[in-house]
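Participant: The structure file upload.cif (mmCIF, C-alpha atoms and all ligand atoms) is provided below.
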```
data_run
#
loop_
_atom_site.label_atom_id
_atom_site.label_comp_id
_atom_site.auth_asym_id
_atom_site.auth_seq_id
_atom_site.Cartn_x
_atom_site.Cartn_y
_atom_site.Cartn_z
CA MET T 68 76.32 105.16 79.94
CA ASN T 69 77.38 104.77 76.33
CA ALA T 70 79.54 101.58 76.28
CA THR T 71 82.32 103.06 74.12
CA VAL T 72 82.56 106.11 76.35
CA LEU T 73 82.47 104.00 79.51
CA SER T 74 85.30 101.84 78.25
CA ALA T 75 87.39 104.89 77.36
CA ILE T 76 86.78 106.48 80.77
CA ASN T 77 87.82 103.22 82.44
CA GLU T 78 91.08 103.44 80.46
CA GLN T 79 91.52 106.98 81.74
CA ILE T 80 90.95 105.83 85.33
CA ASN T 81 93.71 103.27 84.80
CA SER T 82 95.96 105.93 83.35
CA GLU T 83 95.40 108.30 86.33
CA PHE T 84 96.18 105.57 88.87
CA GLY T 85 99.13 104.56 86.65
CA ALA T 86 100.40 108.16 86.80
CA SER T 87 100.11 108.07 90.59
CA TYR T 88 102.20 104.90 90.60
CA THR T 89 104.80 106.46 88.27
CA TYR T 90 105.12 109.50 90.52
CA LEU T 91 105.47 107.24 93.56
CA ALA T 92 108.35 105.43 91.84
CA MET T 93 109.95 108.83 91.17
CA THR T 94 109.44 109.64 94.87
CA VAL T 95 111.41 106.52 95.82
CA PHE T 96 114.23 107.44 93.44
CA CYS T 97 114.47 111.04 94.73
CA GLU T 98 114.18 110.08 98.37
CA ARG T 99 116.97 107.51 98.02
CA GLU T 100 119.16 110.03 96.21
CA LYS T 101 118.42 112.40 99.14
CA PHE T 102 116.59 114.94 97.03
CA LEU T 103 114.02 115.20 99.77
CA GLY T 104 112.34 118.33 98.43
CA ALA T 105 111.71 116.76 95.05
CA ALA T 106 110.50 113.62 96.81
CA GLN T 107 107.96 115.70 98.72
CA TRP T 108 106.81 117.41 95.49
CA LEU T 109 106.35 114.02 93.83
CA ARG T 110 104.42 112.62 96.81
CA VAL T 111 101.94 115.46 96.46
CA GLN T 112 101.80 114.88 92.70
CA ALA T 113 101.15 111.16 93.21
CA GLU T 114 98.29 111.99 95.56
CA GLU T 115 96.82 114.43 93.04
CA GLU T 116 96.83 111.74 90.36
CA ARG T 117 95.15 109.31 92.72
CA GLN T 118 92.46 111.94 93.28
CA HIS T 119 92.05 112.38 89.51
CA GLY T 120 91.47 108.64 89.28
CA MET T 121 88.96 108.80 92.14
CA LYS T 122 87.14 111.72 90.54
CA LEU T 123 86.41 109.61 87.44
CA PHE T 124 85.81 106.52 89.60
CA ASN T 125 83.10 108.38 91.53
CA PHE T 126 81.71 109.88 88.35
CA VAL T 127 81.26 106.49 86.66
CA LEU T 128 79.52 105.09 89.73
CA ALA T 129 77.27 108.15 89.96
CA ARG T 130 76.30 107.48 86.32
CA ASP T 131 75.44 103.90 87.30
CA GLY T 132 78.36 102.59 85.23
CA ALA T 133 80.70 99.71 86.07
CA VAL T 134 84.20 100.79 87.10
CA ASP T 135 86.68 98.34 85.61
CA LEU T 136 89.97 98.50 87.52
CA LYS T 137 92.66 97.26 85.17
CA ALA T 138 96.24 96.19 85.87
CA ILE T 139 98.84 98.91 86.30
CA ASP T 140 102.23 98.54 84.63
CA GLN T 141 105.35 98.55 86.77
CA PRO T 142 106.72 102.10 86.66
CA LYS T 143 110.27 103.08 85.71
CA ALA T 144 112.41 103.08 88.85
CA LYS T 145 115.77 104.50 87.74
CA TYR T 146 116.61 107.93 86.35
CA GLU T 147 119.82 109.52 85.10
CA SER T 148 119.44 112.60 87.24
CA LEU T 149 116.98 114.78 89.12
CA ALA T 150 116.55 116.86 85.98
CA ALA T 151 115.68 113.70 84.03
CA VAL T 152 112.90 112.94 86.51
CA PHE T 153 111.24 116.28 85.78
CA GLU T 154 111.77 115.98 82.02
CA GLN T 155 109.77 112.78 82.38
CA VAL T 156 107.09 114.54 84.47
CA LEU T 157 106.63 117.10 81.68
CA ALA T 158 106.58 114.45 78.94
CA HIS T 159 104.05 112.48 80.95
CA GLU T 160 101.74 115.44 81.51
CA LYS T 161 101.86 116.31 77.79
CA ALA T 162 100.88 112.74 76.97
CA VAL T 163 97.98 112.91 79.43
CA THR T 164 96.75 116.15 77.84
CA ALA T 165 96.69 114.38 74.48
CA GLN T 166 94.78 111.46 76.06
CA ILE T 167 92.16 113.75 77.60
CA ASN T 168 91.75 115.57 74.28
CA THR T 169 91.15 112.26 72.51
CA LEU T 170 88.69 111.19 75.20
CA TYR T 171 86.86 114.50 74.93
CA GLU T 172 86.67 114.14 71.15
CA LEU T 173 85.19 110.65 71.54
CA CYS T 174 82.55 111.99 73.95
CA PHE T 175 81.75 114.73 71.45
CA GLU T 176 81.32 112.20 68.61
CA GLN T 177 79.16 110.00 70.84
CA LYS T 178 77.09 112.99 72.00
CA ALA T 179 78.00 112.10 75.60
CA PHE T 180 77.26 115.57 76.92
CA VAL T 181 77.37 114.79 80.65
CA GLU T 182 80.79 113.16 80.21
CA MET T 183 82.01 116.17 78.25
CA ALA T 184 81.02 118.38 81.18
CA GLU T 185 82.94 116.14 83.58
CA LEU T 186 86.01 116.14 81.35
CA GLN T 187 86.05 119.94 81.18
CA TRP T 188 87.64 119.88 84.63
CA PHE T 189 90.42 117.60 83.36
CA LEU T 190 91.11 119.78 80.30
CA THR T 191 91.55 122.81 82.56
CA GLU T 192 93.63 120.84 85.08
CA GLN T 193 96.04 119.74 82.33
CA VAL T 194 96.80 123.36 81.44
CA GLU T 195 97.99 123.89 85.03
CA GLU T 196 99.82 120.55 85.22
CA GLU T 197 101.79 121.26 82.04
CA LYS T 198 102.51 124.86 83.07
CA VAL T 199 103.96 123.84 86.44
CA ALA T 200 106.06 121.03 84.94
CA ARG T 201 107.30 123.26 82.11
CA GLU T 202 108.48 125.91 84.59
CA ILE T 203 110.40 123.35 86.66
CA VAL T 204 112.02 121.83 83.56
CA ALA T 205 113.04 125.28 82.31
CA LYS T 206 114.91 125.90 85.57
CA PHE T 207 116.66 122.53 85.45
CA ARG T 208 117.75 123.21 81.86
CA LEU T 209 119.12 126.56 82.99
CA VAL T 210 121.11 125.33 85.99
CA LYS T 211 122.46 122.22 84.21
CA ASN T 212 124.98 120.47 86.51
CA ASP T 213 125.54 123.23 89.06
CA PRO T 214 125.24 121.36 92.41
CA ALA T 215 124.44 124.47 94.47
CA ALA T 216 121.65 125.47 92.11
CA ILE T 217 120.28 121.92 92.04
CA LEU T 218 120.14 121.87 95.83
CA ASP T 219 118.32 125.22 95.78
CA MET T 220 115.81 123.78 93.35
CA ASP T 221 115.34 120.73 95.54
CA ARG T 222 114.59 123.00 98.50
CA GLU T 223 112.15 125.04 96.40
CA LEU T 224 110.33 121.89 95.24
CA GLY T 225 109.99 120.79 98.86
CA ALA T 226 107.92 123.90 99.60
CA ARG T 227 104.99 122.44 97.67
CA SER T 228 102.21 121.93 100.15
CA PRO T 229 99.74 119.04 100.06
CA THR T 230 96.91 121.59 100.02
CA ARG T 231 97.61 122.31 96.35
CA ALA T 232 96.26 118.84 95.68
CA ALA T 233 93.12 118.90 93.58
CA THR T 234 89.94 118.46 95.54
CA PRO T 235 87.55 116.47 93.40
CA ALA T 236 84.03 117.76 93.40
FE FE T 301 95.89 113.40 86.20
FE FE T 302 98.91 114.99 86.03
#
```
What is this file in structure tokens?
Ligand SMILES: [Fe+2]
Ligand SMILES: [Fe+2]

Facilitator:
Amino acid sequence: MNATVLSAINEQINSEFGASYTYLAMTVFCEREKFLGAAQWLRVQAEEERQHGMKLFNFVLARDGAVDLKAIDQPKAKYESLAAVFEQVLAHEKAVTAQINTLYELCFEQKAFVEMAELQWFLTEQVEEEKVAREIVAKFRLVKNDPAAILDMDRELGARSPTRAATPA
């Protein structure tokens, strides 16, 4: 593998596992606040991010590259509200989309065609990730501080099944 591309993909692996860790920290917050539906949603999300990390992990090894597992920063543990958690989910997913775009651009410049093909999956996945997060945030912005509506939303979030989790090829 091209060394520049390998290094950038290793950064992305770190970022996917970091996202998993961030969503786990959000799970702890929601569970302790007794938003059990949101906690379930975030558990599934954390598992998806772990699988994104593993998808690139397996890809690098298949390409006979060295996976370099870097340190993961301690995630934010406290949030102002349930709505604030999901504002952060959306902001995070937008940032990841930008990261994947930059990584894809690097692969393009480096003529790393196989890596571009692999990253296609991530580009498509980010469209879905942002869409889902944007829809949840829109509802939280609508209901504001209405406790009954917030509890309804929590219940709705809890309906997310683990089967939605991405299945890496
Ligand atoms: Fe991801
Ligand atoms: Fe994500």

Participant: Contacts of range 190-198 of chain T at 12 Å or less, counting all atoms listed in the file, minus same-chain residues fewer than 6 places along, as a PyMOL selection string?

Facilitator: chain T and resi 112+115-116+119+153-172+183-184+204-205+231-235

Participant: Could you state the separation of CA of Arg208 in chain T and CA of Ser148 in chain T in Å, given to one decimal place?

Facilitator: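 A separation of 12.0 Å between them.
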
Participant: Which one of T:Ala200, T:Val181, T:Leu186, T:Ala150 sits closest to Ala216 in chain T if you count all atoms listed in the file?

Facilitator: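 Among the listed residues, T:Ala150 lies closest to Ala216 in chain T.
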
Participant: Distance CA of Glu185 in chain T-CA of Leu73 in chain T, one decimal place?

Facilitator: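 CA of Leu73 in chain T lies 12.8 Å from CA of Glu185 in chain T.
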
Participant: Between T:Phe102, T:Trp108, T:Tyr90, T:Phe175, which has the minimum distance to Ser228 in chain T (counting all atoms listed in the file)?

Facilitator: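 Of the candidates, the smallest distance to Ser228 in chain T is held by T:Trp108.
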
Participant: Extending 3 Å beyond the listed atoms of range 146-152 of chain T on each side, what axis-aligned box results? I want centre and edge lengths in Å to one decimal, as lines of an AutoDock Vina configuration file.

Facilitator:
```
center_x = 116.4
center_y = 112.4
center_z = 86.6
size_x = 12.9
size_y = 14.9
size_z = 11.1
```

Participant: Residues at most 10 Å from Gly225 in chain T, counting all atoms listed in the file, excluding those fewer than 2 positions away in the same chain, as a list in words?

Facilitator: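 After dropping sequence-adjacent residues, the list is Phe102, Leu103, Gly104, Ala105, Ala106, Gln107, Trp108, Leu109, Val111, Asp219, Met220, Asp221, Arg222, Glu223, Arg227 and Ser228 of chain T.
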
Participant: Got a sec: who's within 9 Å of Lys137 in chain T, counting all atoms listed in the file, leaving out chain neighbours fewer than 4 positions off, as an MDAnalysis selection string?

Facilitator: chainID T and resid 77:78 80:81

Participant: Enter the distance from CA of Ala113 in chain T to CA of Ser87 in chain T, in Å, rounded to one decimal.

Facilitator: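 Result for CA of Ala113 in chain T versus CA of Ser87 in chain T: 4.2 Å, one decimal.
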
Participant: Find the residue from T:Glu182, T:Glu100, T:Glu176, T:Asp135 that sits nearest to Glu147 in chain T; use only C-alpha atoms when measuring.

Facilitator: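 Looking at the shortest contact to Glu147 in chain T, the residue is T:Glu100.
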
Participant: Which residue gives the smallest distance to ligand FE 301 (chain T) among T:Ala70, T:Leu173, T:Leu91, T:Leu123, with all atoms listed in the file counted?

Facilitator: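 Smallest distance to ligand FE 301 (chain T) is found for T:Leu123.
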
Participant: Got a sec: who's within 8 Å of Gly85 in chain T, counting only C-alpha atoms, leaving out chain neighbours fewer than 5 positions off, as a CSV table (one decimal) with C-alpha atoms, in the coordinates of the input?

Facilitator:
```csv
chain,number,residue,atom,x,y,z
T,139,ILE,CA,98.8,98.9,86.3
T,140,ASP,CA,102.2,98.5,84.6
T,142,PRO,CA,106.7,102.1,86.7
```
